[in-house]
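Dropping my_file-v7.cif in here (mmCIF, C-alpha atoms):
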```
data_query
#
loop_
_atom_site.label_atom_id
_atom_site.label_comp_id
_atom_site.auth_asym_id
_atom_site.auth_seq_id
_atom_site.Cartn_x
_atom_site.Cartn_y
_atom_site.Cartn_z
CA MET A 1 -2.61 31.92 -82.43
CA ASN A 2 -2.68 28.78 -80.27
CA THR A 3 -4.37 25.53 -81.28
CA LYS A 4 -7.47 26.07 -79.18
CA GLU A 5 -8.11 29.52 -80.63
CA ALA A 6 -7.52 28.21 -84.14
CA LEU A 7 -9.92 25.31 -83.61
CA TYR A 8 -12.53 27.67 -82.16
CA ASN A 9 -12.24 29.94 -85.17
CA PHE A 10 -12.34 27.00 -87.57
CA CYS A 11 -15.52 25.60 -85.95
CA LEU A 12 -17.12 29.03 -86.32
CA ARG A 13 -16.17 29.11 -90.00
CA LEU A 14 -17.79 25.71 -90.62
CA ALA A 15 -20.83 26.51 -88.46
CA ASP A 16 -21.30 29.95 -90.03
CA ASN A 17 -21.29 28.42 -93.51
CA ASN A 18 -24.02 26.03 -92.42
CA ILE A 19 -26.22 28.51 -90.61
CA VAL A 20 -26.03 31.16 -93.35
CA LEU A 21 -26.79 28.69 -96.14
CA GLY A 22 -29.51 27.12 -93.96
CA GLN A 23 -31.09 30.53 -93.49
CA ARG A 24 -30.98 31.19 -97.25
CA LEU A 25 -32.69 27.85 -97.96
CA ALA A 26 -35.29 28.55 -95.29
CA GLU A 27 -36.21 31.70 -97.23
CA TRP A 28 -37.68 29.32 -99.83
CA CYS A 29 -40.14 27.90 -97.28
CA SER A 30 -43.64 28.08 -98.85
CA ARG A 31 -42.13 29.58 -102.05
CA GLY A 32 -40.69 26.41 -103.60
CA PRO A 33 -41.45 25.80 -107.28
CA ILE A 34 -43.21 22.55 -106.33
CA LEU A 35 -44.18 21.04 -102.98
CA GLU A 36 -41.46 18.37 -103.10
CA GLU A 37 -38.79 21.03 -103.56
CA ASP A 38 -40.21 23.10 -100.74
CA LEU A 39 -39.77 20.00 -98.57
CA ALA A 40 -36.30 19.34 -99.94
CA MET A 41 -34.95 22.82 -99.33
CA THR A 42 -36.34 23.07 -95.80
CA ASN A 43 -35.07 19.54 -95.01
CA ILE A 44 -31.58 20.48 -96.18
CA SER A 45 -31.88 23.70 -94.21
CA LEU A 46 -32.71 21.67 -91.09
CA ASP A 47 -29.63 19.46 -91.61
CA LEU A 48 -27.47 22.56 -91.96
CA PHE A 49 -28.89 24.17 -88.82
CA GLY A 50 -28.30 20.92 -86.93
CA GLU A 51 -24.70 20.75 -88.10
CA ALA A 52 -24.21 24.40 -87.18
CA GLU A 53 -25.62 23.84 -83.70
CA SER A 54 -23.28 20.91 -82.97
CA LEU A 55 -20.31 22.96 -84.17
CA TYR A 56 -21.30 26.02 -82.11
CA GLU A 57 -21.76 23.80 -79.05
CA TYR A 58 -18.30 22.39 -79.60
CA ALA A 59 -16.84 25.87 -80.11
CA VAL A 60 -18.44 27.03 -76.86
CA SER A 61 -17.00 24.03 -74.99
CA LEU A 62 -13.49 25.02 -76.11
CA MET A 63 -13.66 28.46 -74.47
CA ASP A 64 -14.38 29.30 -70.85
CA ASN A 65 -16.24 32.50 -71.58
CA ASN A 66 -19.85 31.71 -70.62
CA SER A 67 -20.92 31.94 -74.23
CA THR A 68 -23.67 29.76 -75.70
CA ALA A 69 -24.50 28.42 -79.14
CA ASP A 70 -27.40 30.87 -79.33
CA HIS A 71 -25.11 33.72 -78.44
CA LEU A 72 -22.75 32.80 -81.27
CA ALA A 73 -25.58 32.51 -83.77
CA PHE A 74 -27.65 35.52 -82.82
CA LEU A 75 -25.38 38.11 -81.28
CA ARG A 76 -22.40 38.35 -83.57
CA SER A 77 -22.27 41.01 -86.28
CA GLU A 78 -21.28 40.33 -89.88
CA ARG A 79 -17.62 41.25 -89.23
CA GLU A 80 -17.54 38.45 -86.65
CA TYR A 81 -19.00 35.88 -89.05
CA PHE A 82 -16.43 33.75 -90.90
CA ASN A 83 -18.59 32.04 -93.53
CA ASN A 84 -17.56 31.95 -97.17
CA LEU A 85 -18.98 34.58 -99.49
CA LEU A 86 -20.74 32.04 -101.70
CA VAL A 87 -23.30 30.92 -99.12
CA GLU A 88 -24.47 34.44 -98.27
CA GLN A 89 -25.37 35.31 -101.88
CA PRO A 90 -29.10 35.91 -102.41
CA ASN A 91 -31.16 32.97 -103.64
CA GLY A 92 -32.02 34.38 -107.07
CA ASP A 93 -34.11 31.93 -109.05
CA PHE A 94 -34.25 28.17 -108.43
CA ALA A 95 -31.34 27.55 -110.84
CA GLN A 96 -29.12 29.96 -108.89
CA THR A 97 -30.12 28.37 -105.59
CA MET A 98 -29.28 24.89 -106.88
CA MET A 99 -26.03 26.14 -108.40
CA LYS A 100 -24.96 27.67 -105.08
CA GLN A 101 -25.96 24.39 -103.44
CA VAL A 102 -23.94 22.20 -105.78
CA LEU A 103 -20.83 24.40 -105.53
CA PHE A 104 -20.99 24.43 -101.74
CA SER A 105 -22.06 20.80 -101.17
CA ALA A 106 -19.19 19.50 -103.29
CA PHE A 107 -16.79 21.60 -101.20
CA ALA A 108 -18.40 20.45 -97.92
CA LYS A 109 -18.30 16.82 -99.01
CA HIS A 110 -14.55 16.86 -99.70
CA LEU A 111 -13.78 18.89 -96.59
CA TYR A 112 -15.79 16.60 -94.28
CA GLU A 113 -14.25 13.57 -95.96
CA ALA A 114 -10.81 14.92 -95.11
CA LEU A 115 -11.86 15.87 -91.58
CA CYS A 116 -12.94 12.27 -90.96
CA ASN A 117 -9.18 11.74 -90.51
CA SER A 118 -8.72 14.69 -88.15
CA HIS A 119 -6.68 14.20 -84.97
CA ASP A 120 -9.43 16.03 -83.10
CA GLU A 121 -11.92 13.33 -82.07
CA THR A 122 -14.98 15.59 -81.82
CA LEU A 123 -14.39 17.29 -85.14
CA LYS A 124 -13.83 13.87 -86.65
CA GLY A 125 -17.14 12.55 -85.29
CA LEU A 126 -19.12 15.65 -86.30
CA SER A 127 -17.65 15.46 -89.80
CA ALA A 128 -18.56 11.79 -90.23
CA LYS A 129 -22.16 12.70 -89.39
CA ALA A 130 -22.27 15.80 -91.57
CA LEU A 131 -20.71 13.89 -94.48
CA LYS A 132 -23.66 11.49 -94.63
CA GLU A 133 -26.07 14.40 -94.87
CA THR A 134 -23.93 16.35 -97.32
CA LYS A 135 -23.84 13.45 -99.78
CA TYR A 136 -27.63 13.61 -100.04
CA HIS A 137 -27.48 17.39 -100.48
CA LEU A 138 -24.91 17.06 -103.26
CA ARG A 139 -26.94 14.41 -105.03
CA HIS A 140 -30.08 16.51 -104.85
CA SER A 141 -28.55 19.65 -106.37
CA SER A 142 -26.39 17.75 -108.91
CA GLU A 143 -29.44 15.98 -110.30
CA TRP A 144 -31.20 19.31 -110.82
CA ILE A 145 -28.19 20.96 -112.45
CA ILE A 146 -27.77 18.02 -114.85
CA ARG A 147 -31.48 18.10 -115.70
CA PHE A 148 -31.50 21.85 -116.25
CA GLY A 149 -28.39 21.69 -118.41
CA ASN A 150 -30.04 19.11 -120.62
CA GLY A 151 -33.45 20.74 -120.50
CA THR A 152 -35.01 23.59 -122.42
CA GLU A 153 -33.33 26.63 -123.92
CA GLU A 154 -34.61 28.64 -120.97
CA SER A 155 -33.35 26.21 -118.30
CA ILE A 156 -29.94 26.02 -119.99
CA ARG A 157 -29.73 29.82 -120.20
CA ARG A 158 -30.64 30.30 -116.53
CA THR A 159 -28.30 27.57 -115.27
CA GLN A 160 -25.30 28.83 -117.25
CA PHE A 161 -26.11 32.35 -116.04
CA ALA A 162 -26.15 31.07 -112.43
CA LEU A 163 -22.74 29.45 -112.87
CA ASN A 164 -21.28 32.59 -114.45
CA LYS A 165 -22.69 34.72 -111.66
CA LEU A 166 -21.53 32.60 -108.71
CA TRP A 167 -18.17 31.39 -110.00
CA ARG A 168 -16.21 34.38 -108.72
CA PHE A 169 -17.13 33.54 -105.12
CA THR A 170 -15.81 29.97 -105.21
CA ASP A 171 -12.10 30.71 -104.69
CA ASP A 172 -13.01 32.16 -101.31
CA MET A 173 -13.79 28.67 -99.94
CA PHE A 174 -10.17 27.63 -100.33
CA VAL A 175 -8.37 30.65 -98.90
CA MET A 176 -6.18 29.70 -95.95
CA ASN A 177 -4.96 31.88 -93.12
CA ASP A 178 -3.13 31.45 -89.79
CA VAL A 179 -6.05 29.34 -88.48
CA ASP A 180 -5.48 26.74 -91.17
CA GLU A 181 -1.71 26.92 -90.76
CA GLU A 182 -1.96 26.06 -87.05
CA LEU A 183 -4.55 23.29 -87.51
CA ILE A 184 -2.71 21.68 -90.42
CA SER A 185 0.48 21.55 -88.32
CA MET A 186 -1.47 19.73 -85.57
CA GLY A 187 -3.15 17.28 -87.96
CA ILE A 188 -6.57 18.70 -87.08
CA SER A 189 -7.41 20.18 -90.46
CA PHE A 190 -5.99 19.83 -93.94
CA ASN A 191 -4.55 21.78 -96.82
CA LEU A 192 -7.43 23.45 -98.66
CA ASP A 193 -5.43 23.39 -101.91
CA ASP A 194 -5.91 19.61 -101.92
CA ILE A 195 -9.63 20.03 -101.22
CA HIS A 196 -9.73 22.56 -104.08
CA ALA A 197 -8.33 20.03 -106.55
CA LYS A 198 -10.82 17.34 -105.50
CA TRP A 199 -13.69 19.85 -105.59
CA LYS A 200 -12.71 20.97 -109.08
CA PHE A 201 -12.72 17.38 -110.27
CA THR A 202 -16.17 16.65 -108.80
CA ILE A 203 -17.89 19.75 -110.14
CA SER A 204 -16.17 19.45 -113.54
CA GLU A 205 -17.76 16.02 -113.92
CA ILE A 206 -21.18 17.37 -113.00
CA PHE A 207 -20.89 20.38 -115.32
CA ALA A 208 -19.63 18.18 -118.16
CA GLU A 209 -22.71 16.01 -117.81
CA ALA A 210 -24.83 19.17 -117.69
CA ASN A 211 -23.07 20.61 -120.78
CA LEU A 212 -22.26 23.77 -118.85
CA GLN A 213 -19.13 25.83 -119.41
CA ILE A 214 -16.99 26.78 -116.41
CA PRO A 215 -16.36 30.52 -116.93
CA ASP A 216 -13.04 32.35 -116.72
CA ALA A 217 -12.34 33.59 -113.24
CA ASN A 218 -13.13 37.31 -113.45
CA ASN A 219 -13.51 39.72 -110.53
CA VAL A 220 -12.62 37.02 -108.02
CA ILE A 221 -13.50 38.15 -104.53
CA THR A 222 -12.36 36.64 -101.22
CA GLY A 223 -12.37 37.55 -97.53
CA GLY A 224 -15.15 35.54 -95.85
CA SER A 225 -12.95 33.62 -93.43
CA LYS A 226 -11.45 36.93 -92.29
CA GLY A 227 -14.86 38.44 -91.66
CA PHE A 228 -15.01 40.61 -94.79
CA HIS A 229 -18.33 40.07 -96.49
CA THR A 230 -20.51 41.21 -99.37
CA GLU A 231 -23.35 43.56 -98.50
CA HIS A 232 -25.84 40.68 -98.42
CA LEU A 233 -24.75 39.08 -95.13
CA GLY A 234 -25.74 42.06 -92.98
CA HIS A 235 -29.28 41.99 -94.37
CA LEU A 236 -29.55 38.26 -93.80
CA LEU A 237 -28.38 38.59 -90.18
CA CYS A 238 -30.83 41.47 -89.60
CA GLU A 239 -33.69 39.13 -90.31
CA MET A 240 -32.23 36.05 -88.61
CA GLN A 241 -31.17 37.87 -85.45
CA TYR A 242 -34.16 40.20 -85.13
CA LEU A 243 -35.84 38.37 -82.26
CA GLN A 244 -32.75 38.07 -80.05
CA ARG A 245 -31.81 41.69 -80.72
CA VAL A 246 -35.25 43.02 -79.85
CA HIS A 247 -35.94 40.61 -76.97
CA PRO A 248 -32.47 39.78 -75.58
CA GLY A 249 -32.29 36.37 -73.91
CA ALA A 250 -35.72 35.22 -75.14
CA THR A 251 -36.05 31.42 -75.03
CA TRP A 252 -38.62 28.90 -76.26
CA MET B 1 -43.69 -1.92 -66.12
CA VAL B 2 -40.52 -2.29 -64.15
CA ASN B 3 -40.67 -3.00 -60.44
CA LEU B 4 -39.69 0.21 -58.66
CA ASP B 5 -39.01 -1.41 -55.30
CA SER B 6 -35.78 -3.11 -56.29
CA PRO B 7 -32.76 -0.94 -57.06
CA LEU B 8 -31.94 -0.04 -60.63
CA THR B 9 -29.55 -2.30 -62.42
CA ASN B 10 -27.86 -1.82 -65.74
CA GLU B 11 -30.14 -4.39 -67.32
CA LYS B 12 -33.23 -2.72 -65.88
CA VAL B 13 -32.19 0.71 -67.18
CA TRP B 14 -31.81 -0.71 -70.69
CA LYS B 15 -35.30 -2.22 -70.37
CA ILE B 16 -36.77 1.10 -69.24
CA LEU B 17 -35.08 2.97 -72.08
CA ASN B 18 -36.37 0.37 -74.51
CA GLN B 19 -39.87 1.58 -73.69
CA ILE B 20 -39.21 5.09 -74.97
CA PRO B 21 -40.61 5.36 -78.50
CA ASP B 22 -39.30 7.43 -81.36
CA PRO B 23 -41.91 10.22 -81.64
CA ASP B 24 -41.91 9.90 -85.44
CA ILE B 25 -42.01 6.09 -85.57
CA PRO B 26 -43.80 5.12 -82.34
CA VAL B 27 -43.49 1.36 -82.98
CA VAL B 28 -39.71 1.52 -82.63
CA SER B 29 -37.83 2.44 -79.45
CA ILE B 30 -34.75 4.61 -79.13
CA VAL B 31 -32.77 1.52 -78.07
CA GLU B 32 -33.87 -0.39 -81.18
CA LEU B 33 -32.87 2.59 -83.32
CA GLY B 34 -29.39 2.53 -81.80
CA ILE B 35 -29.65 6.04 -80.33
CA VAL B 36 -28.68 4.79 -76.85
CA ARG B 37 -25.03 3.79 -77.00
CA ASN B 38 -24.11 3.14 -73.38
CA VAL B 39 -25.49 3.06 -69.84
CA GLU B 40 -23.36 3.24 -66.71
CA ASN B 41 -23.67 4.32 -63.11
CA ASN B 42 -21.35 5.47 -60.40
CA ASP B 43 -21.54 4.96 -56.63
CA ALA B 44 -23.70 8.01 -56.07
CA GLU B 45 -26.58 6.40 -57.94
CA LYS B 46 -26.05 8.74 -60.81
CA TRP B 47 -26.88 7.14 -64.14
CA ILE B 48 -24.94 8.24 -67.17
CA VAL B 49 -26.61 7.57 -70.50
CA THR B 50 -24.64 8.06 -73.70
CA ILE B 51 -26.66 8.79 -76.80
CA THR B 52 -25.72 9.54 -80.38
CA PRO B 53 -27.71 11.85 -82.66
CA SER B 54 -29.46 10.15 -85.57
CA TYR B 55 -29.62 13.24 -87.81
CA SER B 56 -27.89 16.54 -86.99
CA GLY B 57 -31.05 18.61 -87.15
CA CYS B 58 -33.55 15.99 -85.98
CA PRO B 59 -36.03 17.73 -83.64
CA ALA B 60 -36.82 14.33 -82.07
CA MET B 61 -33.43 14.43 -80.30
CA ALA B 62 -34.64 17.12 -77.91
CA VAL B 63 -37.65 14.91 -77.08
CA PHE B 64 -35.42 11.87 -76.43
CA ARG B 65 -33.23 13.79 -74.01
CA GLU B 66 -36.18 14.88 -71.90
CA ASP B 67 -37.82 11.45 -72.06
CA ILE B 68 -34.69 9.63 -70.90
CA LYS B 69 -34.27 11.93 -67.90
CA THR B 70 -37.94 11.78 -66.95
CA VAL B 71 -38.37 7.99 -67.06
CA LEU B 72 -35.14 7.24 -65.21
CA LEU B 73 -35.90 9.74 -62.45
CA GLU B 74 -39.39 8.27 -62.13
CA SER B 75 -37.88 4.79 -61.93
CA GLY B 76 -35.76 5.68 -58.92
CA ALA B 77 -32.57 7.16 -60.32
CA LYS B 78 -31.30 9.97 -58.09
CA GLU B 79 -29.53 11.78 -60.88
CA VAL B 80 -29.28 11.36 -64.64
CA GLU B 81 -26.55 12.69 -66.88
CA LEU B 82 -26.72 12.62 -70.66
CA LYS B 83 -23.59 12.37 -72.73
CA ILE B 84 -23.51 12.88 -76.48
CA SER B 85 -21.20 10.74 -78.54
CA TYR B 86 -20.52 11.45 -82.22
CA SER B 87 -18.21 8.59 -82.94
CA PRO B 88 -19.05 6.10 -84.37
CA ALA B 89 -21.64 8.07 -86.35
CA TRP B 90 -25.15 6.68 -86.25
CA THR B 91 -26.07 4.48 -89.19
CA THR B 92 -29.14 2.63 -90.40
CA ASP B 93 -26.93 -0.48 -90.62
CA TRP B 94 -27.57 -0.89 -86.88
CA LEU B 95 -31.29 -1.58 -87.41
CA SER B 96 -32.03 -5.24 -86.70
CA GLU B 97 -34.32 -7.37 -88.88
CA THR B 98 -36.93 -7.31 -86.07
CA THR B 99 -36.86 -3.50 -86.06
CA ARG B 100 -37.12 -3.42 -89.85
CA GLU B 101 -40.15 -5.73 -89.70
CA LYS B 102 -41.81 -3.42 -87.15
CA MET B 103 -41.31 -0.52 -89.54
CA ARG B 104 -42.85 -2.45 -92.43
CA LYS B 105 -45.91 -3.25 -90.31
CA HIS B 106 -46.19 0.45 -89.52
CA GLY B 107 -46.18 1.29 -93.25
CA ILE B 108 -42.58 2.47 -93.51
CA ALA B 109 -40.21 0.71 -95.88
CA PRO B 110 -36.89 0.07 -94.08
CA PRO B 111 -33.54 0.97 -95.71
CA GLU B 112 -32.60 -1.52 -98.42
CA THR B 113 -28.96 -0.73 -98.98
CA ASN B 114 -25.84 -0.60 -96.89
CA SER B 115 -24.56 2.78 -95.70
CA SER B 116 -21.12 2.17 -97.21
CA GLN B 117 -22.67 2.24 -100.69
CA SER B 118 -22.21 5.70 -102.09
CA VAL B 119 -25.12 8.01 -102.79
CA GLU B 120 -25.07 7.67 -106.56
CA LEU B 121 -26.59 10.18 -108.92
CA PHE B 122 -30.06 9.24 -110.17
CA ALA B 123 -29.83 5.97 -108.20
CA ASP B 124 -33.40 6.34 -106.94
CA SER B 125 -34.85 6.57 -110.42
CA LYS B 126 -33.43 3.12 -111.18
CA ARG B 127 -34.22 1.60 -107.79
CA LYS B 128 -37.41 -0.19 -106.80
CA ILE B 129 -38.21 -0.18 -103.09
CA THR B 130 -40.49 -2.97 -101.85
CA CYS B 131 -43.90 -1.57 -100.88
CA PRO B 132 -44.55 -2.14 -97.15
CA HIS B 133 -48.29 -2.44 -97.82
CA CYS B 134 -48.50 -5.06 -100.58
CA GLY B 135 -44.94 -6.39 -100.78
CA LYS B 136 -44.60 -5.71 -104.54
CA ASN B 137 -41.72 -3.71 -105.90
CA GLU B 138 -43.42 -1.76 -108.65
CA THR B 139 -42.75 1.57 -106.96
CA HIS B 140 -41.30 4.97 -107.67
CA ARG B 141 -39.92 7.86 -105.63
CA THR B 142 -42.06 10.99 -105.43
CA SER B 143 -39.73 13.04 -103.23
CA GLN B 144 -36.19 12.53 -101.96
CA PHE B 145 -37.11 14.43 -98.79
CA GLY B 146 -40.16 13.76 -96.65
CA SER B 147 -41.93 14.53 -93.40
CA THR B 148 -38.81 13.92 -91.27
CA PRO B 149 -35.06 13.99 -92.05
CA CYS B 150 -34.93 10.19 -92.11
CA LYS B 151 -37.59 9.51 -94.71
CA ALA B 152 -38.27 9.89 -98.44
CA LEU B 153 -41.68 9.72 -100.11
CA TRP B 154 -42.47 6.81 -102.42
CA TYR B 155 -45.53 5.56 -104.27
CA CYS B 156 -46.62 2.01 -105.06
CA ASP B 157 -47.80 1.59 -108.66
CA SER B 158 -49.27 -1.79 -107.78
CA CYS B 159 -51.54 -1.07 -104.79
CA HIS B 160 -51.62 2.69 -105.50
CA GLN B 161 -50.68 3.69 -101.98
CA PRO B 162 -48.10 6.29 -101.00
CA PHE B 163 -45.56 5.18 -98.41
CA GLU B 164 -42.48 6.43 -96.64
CA TYR B 165 -39.01 4.99 -97.14
CA PHE B 166 -36.49 5.15 -94.30
CA LYS B 167 -33.40 6.43 -96.10
CA CYS B 168 -30.18 4.51 -95.98
CA TYR B 169 -27.81 6.56 -93.87
#
```
Write-out of the structure in structure tokens:
Amino acid sequence: MNTKEALYNFCLRLADNNIVLGQRLAEWCSRGPILEEDLAMTNISLDLFGEAESLYEYAVSLMDNNSTADHLAFLRSEREYFNNLLVEQPNGDFAQTMMKQVLFSAFAKHLYEALCNSHDETLKGLSAKALKETKYHLRHSSEWIIRFGNGTEESIRRTQFALNKLWRFTDDMFVMNDVDEELISMGISFNLDDIHAKWKFTISEIFAEANLQIPDANNVITGGSKGFHTEHLGHLLCEMQYLQRVHPGATW
Amino acid sequence: MVNLDSPLTNEKVWKILNQIPDPDIPVVSIVELGIVRNVENNDAEKWIVTITPSYSGCPAMAVFREDIKTVLLESGAKEVELKISYSPAWTTDWLSETTREKMRKHGIAPPETNSSQSVELFADSKRKITCPHCGKNETHRTSQFGSTPCKALWYCDSCHQPFEYFKCY
């Protein structure tokens, strides 16, 4: 795999994480527990879509294949999506949505922080921008998790349940393959083991403050960055891609 | 308005762009916001405008792009090219005191901290933003996210008016 192909694949991985999580958050639109949270989740969703679009545009610019950002978003099947398994998991209740959000945002924050030192100028710039947004996302979900963990018996039960349920998908965010190998050697991306350690530190602090117990890693499942997904992604894409599949080439 | 008879100069292009308002905060222009990073032209009377996105998903960006092209073509430019620059990343630190005052007059509280300060947990519940209506700082946040990506919702406990706060970014 040459550097260009690796970078293309890496941009898709980052963009796919953003678009899939953005789509999940958008599912909350008009269903939020309170108006302010409806606004929050759709705002975060908008940030994620924006980040995805910039990354798809950059990916397209790397390849001379007449592709477009819309094409990448709406015409690839689930086996061609490289997002991590965590972000495609169904929303569940609000505690599960916030738990997914905190686990992912902490990962995104440390990854973007590292990528601010990338030798690739565009990736560096995009990461600096995304980092600002991600910090707000992390704060938002952390505050909820800490409140829930110190709340009622019911909120504590649901939040611990969410953590137990989602934990087995977290290792997947740090799996490296030949894409990472190539980009690390060129100084474009970084060792995800280091990101893993920083992530673990950040979320451990949050969970300690929330009095939540990090579960034992059982039934760990990985494969997202290779295009192997849980059953949920296909259903999500069905809904998200419906319009372009039924009316190919439709534009605003 | 700008005189269309004389040829466009760099200075004139900046002036023209300074008349394009932000659709969400019409009292402030895209130049004042720091969206326009550079203006240059080549011999073929093609003007190249470099802009930087404020927020990744901000729908206003699409409006800016069209507006910039339209006004420059109307002002005599033969061709306009837009370049997007991501580095340095846009920050609210670039807002001048004049721009901040314009926001206040429009009922939006400008950012009060520096972007290098980290986004601390529960910081907003300890912070008091100065109300743009009455100038008092007996206020509280009602929502971290608001009507646009750049703003949060706040409430003044002194004059009992809701207001928007332009988030530090």
* **Proximity to Leu243 of chain A - best of A:Leu138, A:Ile19, A:Ala73, A:Met99, all atoms listed in the file** =>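 Ranking A:Leu138, A:Ile19, A:Ala73, A:Met99 by distance to Leu243 of chain A, first place goes to A:Ala73.
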* Asked: What gap, in Å, lies between atom CA of Glu78 of chain A and atom CA of Leu236 of chain A?
  -> 9.4 Å
* Asked: Mind listing as a count of residues only which residues of chain A are within 7 Å of chain B, counting all atoms listed in the file?
  -> 19
* **Selection: 9 Å around Lys198 of chain A, all atoms listed in the file, excl. self and same-chain fewer than 4 positions, as a list in words** =>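 These residues fall inside the cut-off: Ala106, Phe107, His110, Asp193, Asp194, Thr202 and Ile203 of chain A.
What the PyMOL selection byres ((chain B and resi 77) around 9) matches in the given file is Pro7, Leu8, Glu45, Lys46, Trp47, Val71, Leu72, Leu73, Glu74, Ser75, Gly76, Lys78, Glu79 and Val80 of chain B.
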I'd like the box whose edges run along x, y and z of the file and which contains every listed atom of segment 145-164 of chain A, padded by 3 Å per side; could you state its centre and edge lengths in Å, one decimal, as AutoDock Vina command-line options?
```
--center_x -28.1 --center_y 25.3 --center_z -118.2 --size_x 19.7 --size_y 20.6 --size_z 17.5
```
* When you draw a straight line from atom CA of Trp28 of chain A to atom CA of Asn91 of chain A, how long is it in Å? -> 8.4 Å
* To do: List the residues selected by the PyMOL selection byres ((chain B and resi 132) around 9) in the file shown, writing them as a PyMOL selection string.
  => chain B and resi 103-110+129-131+133-136+163-164
* **Point-to-point distance from atom CA of Lys4 of chain A to atom CA of Leu115 of chain A, Å rounded to tenths** => 16.6 Å
* Written as a PyMOL selection string, which residues does the PyMOL selection byres ((chain A and resi 74) around 12) give for the file shown? -> chain A and resi 16+19-20+53+56+67-73+75-78+80-81+236-250
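With distances restricted to all atoms listed in the file, B:Ala60 is the closest residue to Ile25 of chain B from B:Ala60, B:Ile84, B:Gln161, B:Trp94.
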* **segment 153-168 of chain A environment, 10 Å, all atoms listed in the file, sequence neighbours closer than 3 positions dropped, as number ranges by chain** => A: 85-87, 89, 92-100, 103, 144-150, 171-172, 207, 210-222
Generate a file of the selected residues that holds C-alpha atoms, formatted as a PDB file, in the coordinates of the input.
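Below is the file selection-v3.pdb, written as the result:
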```pdb
ATOM      1  CA  LEU A  85     -18.980  34.580 -99.490  1.00  0.00           C
ATOM      2  CA  LEU A  86     -20.740  32.040-101.700  1.00  0.00           C
ATOM      3  CA  VAL A  87     -23.300  30.920 -99.120  1.00  0.00           C
ATOM      4  CA  GLN A  89     -25.370  35.310-101.880  1.00  0.00           C
ATOM      5  CA  GLY A  92     -32.020  34.380-107.070  1.00  0.00           C
ATOM      6  CA  ASP A  93     -34.110  31.930-109.050  1.00  0.00           C
ATOM      7  CA  PHE A  94     -34.250  28.170-108.430  1.00  0.00           C
ATOM      8  CA  ALA A  95     -31.340  27.550-110.840  1.00  0.00           C
ATOM      9  CA  GLN A  96     -29.120  29.960-108.890  1.00  0.00           C
ATOM     10  CA  THR A  97     -30.120  28.370-105.590  1.00  0.00           C
ATOM     11  CA  MET A  98     -29.280  24.890-106.880  1.00  0.00           C
ATOM     12  CA  MET A  99     -26.030  26.140-108.400  1.00  0.00           C
ATOM     13  CA  LYS A 100     -24.960  27.670-105.080  1.00  0.00           C
ATOM     14  CA  LEU A 103     -20.830  24.400-105.530  1.00  0.00           C
ATOM     15  CA  TRP A 144     -31.200  19.310-110.820  1.00  0.00           C
ATOM     16  CA  ILE A 145     -28.190  20.960-112.450  1.00  0.00           C
ATOM     17  CA  ILE A 146     -27.770  18.020-114.850  1.00  0.00           C
ATOM     18  CA  ARG A 147     -31.480  18.100-115.700  1.00  0.00           C
ATOM     19  CA  PHE A 148     -31.500  21.850-116.250  1.00  0.00           C
ATOM     20  CA  GLY A 149     -28.390  21.690-118.410  1.00  0.00           C
ATOM     21  CA  ASN A 150     -30.040  19.110-120.620  1.00  0.00           C
ATOM     22  CA  ASP A 171     -12.100  30.710-104.690  1.00  0.00           C
ATOM     23  CA  ASP A 172     -13.010  32.160-101.310  1.00  0.00           C
ATOM     24  CA  PHE A 207     -20.890  20.380-115.320  1.00  0.00           C
ATOM     25  CA  ALA A 210     -24.830  19.170-117.690  1.00  0.00           C
ATOM     26  CA  ASN A 211     -23.070  20.610-120.780  1.00  0.00           C
ATOM     27  CA  LEU A 212     -22.260  23.770-118.850  1.00  0.00           C
ATOM     28  CA  GLN A 213     -19.130  25.830-119.410  1.00  0.00           C
ATOM     29  CA  ILE A 214     -16.990  26.780-116.410  1.00  0.00           C
ATOM     30  CA  PRO A 215     -16.360  30.520-116.930  1.00  0.00           C
ATOM     31  CA  ASP A 216     -13.040  32.350-116.720  1.00  0.00           C
ATOM     32  CA  ALA A 217     -12.340  33.590-113.240  1.00  0.00           C
ATOM     33  CA  ASN A 218     -13.130  37.310-113.450  1.00  0.00           C
ATOM     34  CA  ASN A 219     -13.510  39.720-110.530  1.00  0.00           C
ATOM     35  CA  VAL A 220     -12.620  37.020-108.020  1.00  0.00           C
ATOM     36  CA  ILE A 221     -13.500  38.150-104.530  1.00  0.00           C
ATOM     37  CA  THR A 222     -12.360  36.640-101.220  1.00  0.00           C
TER      38      THR A 222
END
```
